[in-house]
>>> print(open('protein01.tsv').read())   # TSV, C-alpha atoms and all ligand atoms
chain	number	residue	atom	x	y	z
A	1	MET	CA	-1.69	16.86	-19.75
A	2	VAL	CA	-2.16	13.73	-17.67
A	3	GLU	CA	-2.47	10.36	-19.37
A	4	LEU	CA	-3.51	7.37	-17.27
A	5	ILE	CA	-2.00	3.98	-18.09
A	6	ARG	CA	-3.26	0.88	-16.28
A	7	SER	CA	-1.06	-1.97	-17.52
A	8	THR	CA	2.62	-2.69	-17.96
A	9	SER	CA	2.17	-3.79	-21.57
A	10	GLU	CA	0.44	-0.49	-22.43
A	11	LEU	CA	3.16	1.46	-20.63
A	12	LYS	CA	5.93	-0.31	-22.53
A	13	VAL	CA	4.28	0.52	-25.85
A	14	ARG	CA	3.82	4.17	-24.82
A	15	ARG	CA	7.39	4.40	-23.50
A	16	ALA	CA	8.72	3.24	-26.86
A	17	THR	CA	6.99	6.18	-28.58
A	18	LEU	CA	8.95	8.67	-26.45
A	19	ASN	CA	12.12	7.97	-28.47
A	20	THR	CA	14.86	10.34	-27.37
A	21	GLN	CA	12.71	12.55	-25.15
A	22	LYS	CA	14.08	13.15	-21.65
A	23	VAL	CA	12.05	11.17	-19.14
A	24	GLY	CA	11.81	11.80	-15.39
A	25	LEU	CA	10.29	9.21	-13.05
A	26	VAL	CA	8.48	9.86	-9.78
A	27	PRO	CA	7.74	6.52	-8.10
A	28	THR	CA	4.96	6.78	-5.49
A	29	MET	CA	2.42	4.69	-3.65
A	30	GLY	CA	-0.26	7.30	-4.36
A	31	ASN	CA	-2.32	9.35	-1.92
A	32	LEU	CA	-0.30	12.25	-3.19
A	33	HIS	CA	0.39	15.36	-1.10
A	34	ARG	CA	2.56	18.48	-1.39
A	35	GLY	CA	5.68	16.39	-0.82
A	36	HIS	CA	4.96	14.32	-3.92
A	37	ALA	CA	3.92	17.47	-5.78
A	38	SER	CA	7.39	18.92	-5.20
A	39	LEU	CA	8.97	15.83	-6.80
A	40	VAL	CA	6.64	15.99	-9.80
A	41	GLN	CA	7.24	19.72	-10.15
A	42	ALA	CA	11.00	19.17	-10.21
A	43	SER	CA	10.67	16.42	-12.81
A	44	VAL	CA	8.29	18.42	-15.00
A	45	ASN	CA	10.71	21.37	-14.93
A	46	ARG	CA	13.72	19.28	-15.93
A	47	ASN	CA	12.31	16.71	-18.35
A	48	GLU	CA	10.26	16.55	-21.50
A	49	VAL	CA	8.04	13.81	-20.10
A	50	THR	CA	7.34	12.83	-16.51
A	51	ILE	CA	6.14	9.36	-15.54
A	52	VAL	CA	4.49	9.10	-12.12
A	53	THR	CA	3.93	5.56	-10.89
A	54	ILE	CA	1.23	4.80	-8.34
A	55	PHE	CA	1.55	1.35	-6.85
A	56	VAL	CA	1.10	0.21	-3.26
A	57	ASN	CA	3.88	-2.34	-3.24
A	58	PRO	CA	2.96	-5.40	-1.14
A	59	LYS	CA	6.60	-6.53	-1.00
A	60	GLN	CA	7.61	-3.63	1.22
A	61	PHE	CA	4.97	-4.16	3.91
A	62	GLY	CA	5.40	-6.54	6.83
A	63	PRO	CA	2.57	-8.92	7.83
A	64	ASN	CA	1.32	-6.59	10.60
A	65	GLU	CA	1.73	-3.37	8.70
A	66	ASP	CA	-0.81	-1.15	6.97
A	67	PHE	CA	-0.81	-2.56	3.41
A	68	HIS	CA	-4.57	-3.13	3.37
A	69	ARG	CA	-5.56	0.20	4.88
A	70	TYR	CA	-2.95	2.27	2.99
A	71	PRO	CA	-5.02	5.08	1.39
A	72	ARG	CA	-5.81	4.50	-2.30
A	73	THR	CA	-7.08	7.75	-3.81
A	74	LEU	CA	-6.49	7.57	-7.57
A	75	GLU	CA	-9.11	10.18	-8.56
A	76	ASP	CA	-7.67	12.81	-6.21
A	77	ASP	CA	-4.13	11.89	-7.25
A	78	LEU	CA	-4.96	12.46	-10.90
A	79	GLU	CA	-6.43	15.87	-10.07
A	80	LEU	CA	-3.30	16.88	-8.18
A	81	LEU	CA	-1.09	15.68	-11.03
A	82	ASP	CA	-3.17	17.56	-13.54
A	83	ARG	CA	-2.64	20.77	-11.55
A	84	VAL	CA	1.06	20.22	-10.89
A	85	SER	CA	2.04	19.12	-14.39
A	86	ASN	CA	0.44	22.30	-15.69
A	87	GLY	CA	-0.10	21.14	-19.27
A	88	ARG	CA	3.29	19.36	-19.58
A	89	PRO	CA	3.29	15.66	-20.57
A	90	CYS	CA	2.72	13.48	-17.50
A	91	LEU	CA	2.08	9.75	-17.85
A	92	VAL	CA	0.54	8.18	-14.77
A	93	TYR	CA	1.22	4.49	-14.50
A	94	ALA	CA	-1.20	3.03	-11.96
A	95	PRO	CA	-1.20	-0.73	-12.56
A	96	GLU	CA	-4.64	-2.22	-12.18
A	97	THR	CA	-3.37	-5.40	-10.54
A	98	THR	CA	-0.37	-6.55	-8.52
A	99	GLN	CA	0.32	-9.11	-11.28
A	100	ASP	CA	1.16	-6.22	-13.58
A	101	ILE	CA	4.25	-5.56	-11.52
A	102	TYR	CA	4.79	-9.08	-10.24
A	103	PRO	CA	3.47	-11.51	-12.88
A	104	ASP	CA	2.71	-15.08	-11.84
A	105	GLY	CA	5.95	-16.89	-11.21
A	106	PHE	CA	7.87	-13.71	-10.30
A	107	ASP	CA	10.66	-15.04	-8.12
A	108	THR	CA	13.37	-12.42	-7.81
A	109	THR	CA	14.12	-10.20	-4.82
A	110	ILE	CA	17.00	-7.79	-4.52
A	111	SER	CA	18.96	-8.65	-1.41
A	112	LEU	CA	20.54	-5.56	0.12
A	113	GLY	CA	23.60	-5.28	2.31
A	114	GLU	CA	24.80	-3.07	5.15
A	115	LEU	CA	22.83	0.08	4.30
A	116	SER	CA	19.58	-1.76	4.90
A	117	ARG	CA	20.49	-2.92	8.42
A	118	PRO	CA	20.35	0.13	10.75
A	119	LEU	CA	17.48	2.58	11.42
A	120	CYS	CA	14.21	1.34	9.84
A	121	GLY	CA	15.92	-1.86	8.70
A	122	LYS	CA	16.03	-3.05	12.33
A	123	PHE	CA	12.28	-2.69	12.71
A	124	ARG	CA	11.01	-3.59	9.23
A	125	PRO	CA	12.73	-6.81	8.16
A	126	GLY	CA	12.63	-7.25	4.37
A	127	HIS	CA	11.15	-3.79	3.82
A	128	PHE	CA	14.07	-2.33	1.88
A	129	ASP	CA	14.54	-5.49	-0.22
A	130	GLY	CA	10.91	-4.98	-1.24
A	131	VAL	CA	11.52	-1.31	-2.01
A	132	ALA	CA	14.66	-2.02	-4.04
A	133	THR	CA	12.93	-4.80	-5.98
A	134	VAL	CA	9.98	-2.64	-7.01
A	135	VAL	CA	12.15	0.39	-7.79
A	136	TYR	CA	14.41	-1.74	-9.97
A	137	ARG	CA	11.35	-3.15	-11.74
A	138	LEU	CA	9.89	0.36	-12.23
A	139	PHE	CA	13.22	1.57	-13.63
A	140	SER	CA	13.22	-1.34	-16.12
A	141	ILE	CA	9.67	-0.69	-17.26
A	142	THR	CA	9.89	3.11	-17.51
A	143	ARG	CA	13.58	3.52	-18.47
A	144	PRO	CA	13.88	7.05	-17.04
A	145	HIS	CA	16.88	9.37	-17.32
A	146	SER	CA	16.32	10.61	-13.78
A	147	ALA	CA	14.21	9.60	-10.80
A	148	TYR	CA	12.99	11.79	-7.93
A	149	PHE	CA	12.80	10.74	-4.29
A	150	GLY	CA	12.00	12.65	-1.09
A	151	ALA	CA	14.68	13.09	1.57
A	152	LYS	CA	12.21	12.15	4.32
A	153	ASP	CA	12.92	8.52	3.41
A	154	PHE	CA	16.62	9.06	3.98
A	155	GLN	CA	17.61	5.41	4.22
A	156	GLN	CA	15.53	4.49	1.16
A	157	LEU	CA	17.31	7.19	-0.80
A	158	ALA	CA	20.76	6.01	0.34
A	159	ILE	CA	19.88	2.43	-0.64
A	160	ILE	CA	18.59	3.41	-4.08
A	161	ARG	CA	21.67	5.53	-4.77
A	162	ARG	CA	23.85	2.55	-3.80
A	163	MET	CA	21.80	0.10	-5.90
A	164	VAL	CA	22.08	2.35	-8.96
A	165	LEU	CA	25.84	2.54	-8.46
A	166	ASP	CA	26.34	-1.16	-7.73
A	167	LEU	CA	24.14	-2.45	-10.55
A	168	ASP	CA	25.27	0.24	-13.00
A	169	ILE	CA	21.74	1.46	-13.66
A	170	PRO	CA	21.82	4.51	-15.95
A	171	VAL	CA	19.41	6.65	-13.90
A	172	GLU	CA	20.28	9.90	-12.16
A	173	ILE	CA	18.85	9.89	-8.63
A	174	ILE	CA	17.57	13.26	-7.48
A	175	SER	CA	16.79	13.96	-3.86
A	176	MET	CA	14.23	16.59	-2.96
A	177	PRO	CA	13.96	18.33	0.43
A	178	ILE	CA	11.46	17.29	3.08
A	179	ILE	CA	8.21	19.24	2.89
A	180	ARG	CA	6.66	20.05	6.28
A	181	ASP	CA	3.25	21.15	7.45
A	182	HIS	CA	2.81	24.50	9.23
A	183	ASP	CA	3.38	22.78	12.60
A	184	GLY	CA	6.65	21.13	11.52
A	185	LEU	CA	5.38	17.59	10.89
A	186	ALA	CA	6.95	16.13	7.73
A	187	LEU	CA	4.28	15.39	5.15
A	188	SER	CA	3.40	11.72	4.87
A	189	SER	CA	0.38	9.81	3.63
A	190	ARG	CA	0.29	8.17	7.06
A	191	ASN	CA	-0.34	11.53	8.83
A	192	GLN	CA	-4.01	11.14	8.02
A	193	TYR	CA	-4.21	8.18	10.41
A	194	LEU	CA	-3.54	10.65	13.27
A	195	ASP	CA	-6.39	12.22	15.22
A	196	LYS	CA	-5.92	15.64	16.89
A	197	ASP	CA	-4.29	14.27	20.06
A	198	ASP	CA	-2.07	11.87	18.11
A	199	ARG	CA	-0.93	14.72	15.92
A	200	GLN	CA	0.17	16.73	18.99
A	201	LEU	CA	2.21	13.74	20.13
A	202	ALA	CA	3.62	13.19	16.64
A	203	LEU	CA	5.09	16.70	16.76
A	204	LYS	CA	7.57	15.35	19.29
A	205	LEU	CA	9.35	13.73	16.34
A	206	PRO	CA	10.37	16.92	14.46
A	207	SER	CA	10.86	18.93	17.66
A	208	THR	CA	13.15	16.30	19.20
A	209	LEU	CA	15.17	16.06	15.99
A	210	THR	CA	15.48	19.84	15.83
A	211	LEU	CA	16.65	20.08	19.44
A	212	SER	CA	19.05	17.16	18.96
A	213	ALA	CA	20.52	18.88	15.90
A	214	GLN	CA	20.93	22.10	17.87
A	215	LEU	CA	22.73	20.33	20.73
A	216	PHE	CA	24.80	18.33	18.27
A	217	LYS	CA	26.04	21.52	16.63
A	218	GLU	CA	26.63	23.20	20.00
A	219	CYS	CA	28.84	20.30	21.13
A	220	HIS	CA	30.86	20.48	17.88
A	221	HIS	CA	29.53	17.17	16.51
A	222	ASN	CA	30.62	15.14	19.50
A	223	THR	CA	28.15	12.27	19.71
A	224	THR	CA	29.35	11.36	23.23
A	225	ASP	CA	28.68	14.83	24.66
A	226	ARG	CA	26.84	14.37	27.98
A	227	LYS	CA	24.18	17.04	27.35
A	228	LEU	CA	23.35	15.49	23.97
A	229	THR	CA	23.32	11.87	25.13
A	230	ASN	CA	21.19	12.76	28.17
A	231	PHE	CA	18.73	14.59	25.97
A	232	ILE	CA	18.46	11.61	23.62
A	233	LYS	CA	18.10	9.19	26.54
A	234	GLU	CA	15.33	11.26	28.12
A	235	SER	CA	13.53	11.65	24.80
A	236	LEU	CA	13.59	7.92	24.14
A	237	ALA	CA	12.18	7.28	27.63
A	238	ASP	CA	9.06	9.39	26.94
A	239	SER	CA	6.22	6.94	27.51
A	240	GLN	CA	3.59	8.99	25.64
A	241	VAL	CA	5.06	7.84	22.33
A	242	GLU	CA	6.89	4.71	21.28
A	243	TRP	CA	10.28	5.66	19.87
A	244	GLN	CA	11.83	3.01	17.65
A	245	TYR	CA	15.10	4.87	17.22
A	246	LEU	CA	16.74	8.25	17.47
A	247	ASP	CA	20.20	7.88	15.98
A	248	ILE	CA	23.03	10.07	14.76
A	249	LEU	CA	24.89	8.38	11.92
A	250	ASP	CA	27.29	9.16	9.10
A	251	ALA	CA	24.92	10.29	6.35
A	252	SER	CA	26.70	8.44	3.56
A	253	THR	CA	27.53	5.12	5.22
A	254	LEU	CA	24.69	5.02	7.79
A	255	ARG	CA	27.30	3.79	10.25
A	256	PRO	CA	28.37	5.41	13.49
A	257	PRO	CA	30.19	8.66	12.65
A	258	SER	CA	33.98	8.66	12.38
A	259	ALA	CA	36.67	11.34	12.06
A	260	ALA	CA	36.11	11.20	8.30
A	261	THR	CA	32.39	12.03	8.52
A	262	GLN	CA	31.45	15.09	6.47
A	263	GLU	CA	27.72	14.92	6.94
A	264	TRP	CA	25.57	13.46	9.71
A	265	VAL	CA	21.97	12.36	9.68
A	266	ILE	CA	19.91	12.63	12.82
A	267	ALA	CA	17.10	10.21	12.13
A	268	GLY	CA	14.11	9.15	14.18
A	269	ALA	CA	11.14	6.82	13.98
A	270	MET	CA	8.26	6.66	16.40
A	271	LYS	CA	4.89	5.05	16.73
A	272	VAL	CA	1.94	7.09	17.84
A	273	GLY	CA	-0.78	4.55	18.47
A	274	LYS	CA	-0.61	2.31	15.42
A	275	THR	CA	0.90	4.97	13.17
A	276	ARG	CA	4.59	4.77	12.42
A	277	LEU	CA	6.33	8.01	11.46
A	278	ILE	CA	9.88	8.77	10.36
A	279	ASP	CA	11.82	11.99	9.95
A	280	ASN	CA	15.40	13.24	9.80
A	281	ILE	CA	17.66	16.27	9.79
A	282	THR	CA	21.09	16.39	8.21
A	283	VAL	CA	24.03	18.39	9.54
A	284	GLN	CA	27.03	19.30	7.39
A	285	LYS	CA	30.61	19.78	8.55
A	286	LYS	CA	31.38	23.46	8.24
B	301	LIG	O1	8.68	6.06	-1.11
B	301	LIG	C1	7.73	5.39	-1.57
B	301	LIG	O2	6.61	5.89	-1.74
B	301	LIG	C2	7.94	3.93	-1.93
B	301	LIG	O3	8.83	3.32	-1.05
B	301	LIG	C3	8.41	3.75	-3.38
B	301	LIG	C4	9.76	4.37	-3.63
B	301	LIG	C5	7.38	4.33	-4.33
B	301	LIG	C6	8.53	2.24	-3.69
B	301	LIG	O4	7.32	1.59	-3.53
>>> encode(input="protein01.tsv", output="structure tokens", more="lines below")
Ligand code: PAF
Amino acid sequence: MVELIRSTSELKVRRATLNTQKVGLVPTMGNLHRGHASLVQASVNRNEVTIVTIFVNPKQFGPNEDFHRYPRTLEDDLELLDRVSNGRPCLVYAPETTQDIYPDGFDTTISLGELSRPLCGKFRPGHFDGVATVVYRLFSITRPHSAYFGAKDFQQLAIIRRMVLDLDIPVEIISMPIIRDHDGLALSSRNQYLDKDDRQLALKLPSTLTLSAQLFKECHHNTTDRKLTNFIKESLADSQVEWQYLDILDASTLRPPSAATQEWVIAGAMKVGKTRLIDNITVQKK
């Protein structure tokens, strides 16, 4: 049972009618795929009402990024949500205008610290401040008990967990596993920018991460192991794709691993033509 809401004022009124019902939030930028469906499914299973937000957030795009061409497919999204929610209450908040989220005079940006600096933070200045600002705003408007995020955006997830802790926001953050296509590519709305040849090249991202993880385990988590560092160096030198990073970090601090590290994230970002893709694999201490 999908109910479309197009303005913040309407959403606030509707939210107030939910009283004590358990609410799960799935924030998205639309163009929904099986990855999003898995988040909605999880929320629908665990909550009385699910709110899915669809908003392409201008604050998280850089000046030369794909804000204008980002796919906007509301009709298809509603169909998918109708199927996935399977008769359970699902409010879809797709604000008609940017002003609905950022009214005239809006002048606040969340300024993040260390977690926003490595990985994507190095290549997308201001991106995570924009993400945190919109997520905070969506939390305030929808007042969910829990919110669902995909593990593909590993750094985003770490930042949101930290923000919720630091600002004492009463929302449980739930991380859902990466969903991959048959060929191993992590699902992303940006995959549709790839033509057949690009897609072949893009597969270097998951395959390199998988091989790095294998070597990393074989060398007993020693990030200075020669075989591992040579493999990473050679991968980054591949001129067919433009790697932005391929890093092994402590999964909770996003800093270089230390003796105390219990979990590592092997994270990569590459550009294939104009399309930027990210992916990661985590490795636990046994
Ligand atoms: O992961 C996304 O789709 C976006 O970054 C989010 C969390 C919806 C904020 O715009």
>>> closest_atom_pairs(input="protein01.tsv", of="segment 72-177 of chain A", to="segment 22-34 of chain A", cutoff="10 Å", atoms="all atoms listed in the file", output="CSV")
residue,atom,partner,partner_atom,distance
A:Arg72,CA,A:Asn31,CA,6.0
A:Thr73,CA,A:Asn31,CA,5.4
A:Leu74,CA,A:Gly30,CA,7.0
A:Glu75,CA,A:Asn31,CA,9.5
A:Asp76,CA,A:Asn31,CA,7.7
A:Asp77,CA,A:Leu32,CA,5.6
A:Leu78,CA,A:Leu32,CA,9.0
A:Glu79,CA,A:Leu32,CA,9.9
A:Leu80,CA,A:Leu32,CA,7.4
A:Leu81,CA,A:Leu32,CA,8.6
A:Val84,CA,A:Arg34,CA,9.8
A:Pro89,CA,A:Val23,CA,9.9
A:Cys90,CA,A:Gly24,CA,9.5
A:Leu91,CA,A:Leu25,CA,9.5
A:Val92,CA,A:Val26,CA,9.5
A:Tyr93,CA,A:Pro27,CA,9.4
A:Ala94,CA,A:Gly30,CA,8.8
A:Val134,CA,A:Pro27,CA,9.5
A:Val135,CA,A:Pro27,CA,7.6
A:Leu138,CA,A:Pro27,CA,7.7
A:Phe139,CA,A:Leu25,CA,8.2
A:Thr142,CA,A:Leu25,CA,7.6
A:Arg143,CA,A:Val23,CA,7.8
A:Pro144,CA,A:Val23,CA,5.0
A:His145,CA,A:Val23,CA,5.5
A:Ser146,CA,A:Gly24,CA,4.9
A:Ala147,CA,A:Leu25,CA,4.5
A:Tyr148,CA,A:Val26,CA,5.2
A:Phe149,CA,A:Val26,CA,7.0
A:Gly150,CA,A:Val26,CA,9.8
A:Val171,CA,A:Gly24,CA,9.3
A:Glu172,CA,A:Gly24,CA,9.3
A:Ile173,CA,A:Leu25,CA,9.7
A:Ile174,CA,A:Gly24,CA,9.9
>>> residues_around(input="protein01.tsv", residues="Val283 of chain A", least_positions_apart="3", cutoff="9 Å", atoms="all atoms listed in the file", output="ChimeraX atom specification")
/A:213,216-217,221,251,262-266
>>> residues_around(input="protein01.tsv", residues="Leu115 of chain A", least_positions_apart="2", cutoff="9 Å", atoms="all atoms listed in the file", output="PyMOL selection string")
chain A and resi 112-113+117-118+121+155+158-159+162+253-255
>>> atom_distance(input="protein01.tsv", atom1="atom CA of Asn47 of chain A", atom2="atom CA of Asn86 of chain A")
13.4 Å
>>> residues_near_point(input="protein01.tsv", point="(14.1, 0.6, -7.3)", cutoff="10 Å", atoms="all atoms listed in the file", output="PDB file with C-alpha atoms, in the frame of the given file")
ATOM      1  CA  PRO A  27       7.740   6.520  -8.100  1.00  0.00           C
ATOM      2  CA  ILE A 110      17.000  -7.790  -4.520  1.00  0.00           C
ATOM      3  CA  PHE A 128      14.070  -2.330   1.880  1.00  0.00           C
ATOM      4  CA  ASP A 129      14.540  -5.490  -0.220  1.00  0.00           C
ATOM      5  CA  GLY A 130      10.910  -4.980  -1.240  1.00  0.00           C
ATOM      6  CA  VAL A 131      11.520  -1.310  -2.010  1.00  0.00           C
ATOM      7  CA  ALA A 132      14.660  -2.020  -4.040  1.00  0.00           C
ATOM      8  CA  THR A 133      12.930  -4.800  -5.980  1.00  0.00           C
ATOM      9  CA  VAL A 134       9.980  -2.640  -7.010  1.00  0.00           C
ATOM     10  CA  VAL A 135      12.150   0.390  -7.790  1.00  0.00           C
ATOM     11  CA  TYR A 136      14.410  -1.740  -9.970  1.00  0.00           C
ATOM     12  CA  ARG A 137      11.350  -3.150 -11.740  1.00  0.00           C
ATOM     13  CA  LEU A 138       9.890   0.360 -12.230  1.00  0.00           C
ATOM     14  CA  PHE A 139      13.220   1.570 -13.630  1.00  0.00           C
ATOM     15  CA  SER A 140      13.220  -1.340 -16.120  1.00  0.00           C
ATOM     16  CA  ALA A 147      14.210   9.600 -10.800  1.00  0.00           C
ATOM     17  CA  GLN A 156      15.530   4.490   1.160  1.00  0.00           C
ATOM     18  CA  LEU A 157      17.310   7.190  -0.800  1.00  0.00           C
ATOM     19  CA  ILE A 159      19.880   2.430  -0.640  1.00  0.00           C
ATOM     20  CA  ILE A 160      18.590   3.410  -4.080  1.00  0.00           C
ATOM     21  CA  ARG A 161      21.670   5.530  -4.770  1.00  0.00           C
ATOM     22  CA  MET A 163      21.800   0.100  -5.900  1.00  0.00           C
ATOM     23  CA  VAL A 164      22.080   2.350  -8.960  1.00  0.00           C
ATOM     24  CA  ILE A 169      21.740   1.460 -13.660  1.00  0.00           C
TER      25      ILE A 169
END
>>> closest_residue(input="protein01.tsv", among="A:Met270, A:Ile101, A:Leu11, A:Leu205", to="ligand LIG 301 (chain B)", atoms="all atoms listed in the file")
A:Ile101
>>> residues_near_point(input="protein01.tsv", point="(-1.5, -4.0, 5.8)", cutoff="12 Å", atoms="all atoms listed in the file", output="PyMOL selection string")
chain A and resi 56-71+274-275
>>> write_last_selection(input="protein01.tsv", atoms="C-alpha atoms", output="PDB file, in the coordinates of the input")
ATOM      1  CA  VAL A  56       1.100   0.210  -3.260  1.00  0.00           C
ATOM      2  CA  ASN A  57       3.880  -2.340  -3.240  1.00  0.00           C
ATOM      3  CA  PRO A  58       2.960  -5.400  -1.140  1.00  0.00           C
ATOM      4  CA  LYS A  59       6.600  -6.530  -1.000  1.00  0.00           C
ATOM      5  CA  GLN A  60       7.610  -3.630   1.220  1.00  0.00           C
ATOM      6  CA  PHE A  61       4.970  -4.160   3.910  1.00  0.00           C
ATOM      7  CA  GLY A  62       5.400  -6.540   6.830  1.00  0.00           C
ATOM      8  CA  PRO A  63       2.570  -8.920   7.830  1.00  0.00           C
ATOM      9  CA  ASN A  64       1.320  -6.590  10.600  1.00  0.00           C
ATOM     10  CA  GLU A  65       1.730  -3.370   8.700  1.00  0.00           C
ATOM     11  CA  ASP A  66      -0.810  -1.150   6.970  1.00  0.00           C
ATOM     12  CA  PHE A  67      -0.810  -2.560   3.410  1.00  0.00           C
ATOM     13  CA  HIS A  68      -4.570  -3.130   3.370  1.00  0.00           C
ATOM     14  CA  ARG A  69      -5.560   0.200   4.880  1.00  0.00           C
ATOM     15  CA  TYR A  70      -2.950   2.270   2.990  1.00  0.00           C
ATOM     16  CA  PRO A  71      -5.020   5.080   1.390  1.00  0.00           C
ATOM     17  CA  LYS A 274      -0.610   2.310  15.420  1.00  0.00           C
ATOM     18  CA  THR A 275       0.900   4.970  13.170  1.00  0.00           C
TER      19      THR A 275
END
>>> closest_residue(input="protein01.tsv", among="A:Arg46, A:Ala259, A:Ala186, A:Asp104", to="Ser207 of chain A", atoms="only C-alpha atoms")
A:Ala186
>>> atom_distance(input="protein01.tsv", atom1="atom CA of Trp243 of chain A", atom2="atom CA of Gly268 of chain A")
7.7 Å
>>> atom_distance(input="protein01.tsv", atom1="atom CA of Gly35 of chain A", atom2="atom C2 of ligand LIG 301 (chain B)")
12.7 Å
>>> residues_around(input="protein01.tsv", residues="Ile178 of chain A", least_positions_apart="2", cutoff="9 Å", atoms="all atoms listed in the file", output="PyMOL selection string")
chain A and resi 35+150-153+176+180+186-187+279-280
>>> residues_around(input="protein01.tsv", residues="Leu119 of chain A", least_positions_apart="5", cutoff="10 Å", atoms="all atoms listed in the file", output="VMD selection string")
chain A and resid 124 154 to 155 244 to 249 254 to 255 267 to 269 278
>>> closest_residue(input="protein01.tsv", among="A:Thr8, A:Gln200, A:Thr50, A:Ser175", to="ligand LIG 301 (chain B)", atoms="only C-alpha atoms and all ligand atoms")
A:Ser175
>>> closest_residue(input="protein01.tsv", among="A:Ile51, A:Pro257, A:Lys204, A:Asp198", to="Lys12 of chain A", atoms="all atoms listed in the file")
A:Ile51
>>> decode(input="protein01.tsv", residues="segment 110-122 of chain A", atoms="N, CA and C atoms", output="PDB file, in the first residue's frame")
ATOM      1  N   ILE A 110      25.952  20.571   8.187  1.00  0.00           N
ATOM      2  CA  ILE A 110      26.689  19.796   9.189  1.00  0.00           C
ATOM      3  C   ILE A 110      28.134  19.682   8.725  1.00  0.00           C
ATOM      4  N   SER A 111      29.041  20.005   9.616  1.00  0.00           N
ATOM      5  CA  SER A 111      30.457  19.980   9.275  1.00  0.00           C
ATOM      6  C   SER A 111      31.087  18.761   9.941  1.00  0.00           C
ATOM      7  N   LEU A 112      31.515  17.814   9.127  1.00  0.00           N
ATOM      8  CA  LEU A 112      32.006  16.544   9.657  1.00  0.00           C
ATOM      9  C   LEU A 112      33.492  16.605   9.954  1.00  0.00           C
ATOM     10  N   GLY A 113      33.943  15.627  10.724  1.00  0.00           N
ATOM     11  CA  GLY A 113      35.359  15.581  11.090  1.00  0.00           C
ATOM     12  C   GLY A 113      36.115  14.504  10.330  1.00  0.00           C
ATOM     13  N   GLU A 114      36.980  13.810  11.082  1.00  0.00           N
ATOM     14  CA  GLU A 114      37.969  12.894  10.507  1.00  0.00           C
ATOM     15  C   GLU A 114      37.404  11.824   9.574  1.00  0.00           C
ATOM     16  N   LEU A 115      36.223  11.286   9.928  1.00  0.00           N
ATOM     17  CA  LEU A 115      35.696  10.172   9.121  1.00  0.00           C
ATOM     18  C   LEU A 115      35.406  10.592   7.684  1.00  0.00           C
ATOM     19  N   SER A 116      35.236  11.886   7.487  1.00  0.00           N
ATOM     20  CA  SER A 116      34.874  12.348   6.136  1.00  0.00           C
ATOM     21  C   SER A 116      36.103  12.652   5.275  1.00  0.00           C
ATOM     22  N   ARG A 117      37.309  12.480   5.871  1.00  0.00           N
ATOM     23  CA  ARG A 117      38.508  12.922   5.126  1.00  0.00           C
ATOM     24  C   ARG A 117      39.099  11.887   4.155  1.00  0.00           C
ATOM     25  N   PRO A 118      39.199  10.588   4.556  1.00  0.00           N
ATOM     26  CA  PRO A 118      39.859   9.657   3.624  1.00  0.00           C
ATOM     27  C   PRO A 118      38.933   9.228   2.496  1.00  0.00           C
ATOM     28  N   LEU A 119      39.342   8.230   1.747  1.00  0.00           N
ATOM     29  CA  LEU A 119      38.534   7.560   0.714  1.00  0.00           C
ATOM     30  C   LEU A 119      37.828   8.589  -0.177  1.00  0.00           C
ATOM     31  N   CYS A 120      36.506   8.510  -0.276  1.00  0.00           N
ATOM     32  CA  CYS A 120      35.764   9.418  -1.180  1.00  0.00           C
ATOM     33  C   CYS A 120      35.915  10.872  -0.761  1.00  0.00           C
ATOM     34  N   GLY A 121      36.109  11.109   0.537  1.00  0.00           N
ATOM     35  CA  GLY A 121      36.230  12.478   1.036  1.00  0.00           C
ATOM     36  C   GLY A 121      37.347  13.245   0.345  1.00  0.00           C
ATOM     37  N   LYS A 122      38.412  12.518  -0.052  1.00  0.00           N
ATOM     38  CA  LYS A 122      39.554  13.174  -0.712  1.00  0.00           C
ATOM     39  C   LYS A 122      39.178  13.677  -2.101  1.00  0.00           C
TER      40      LYS A 122
END
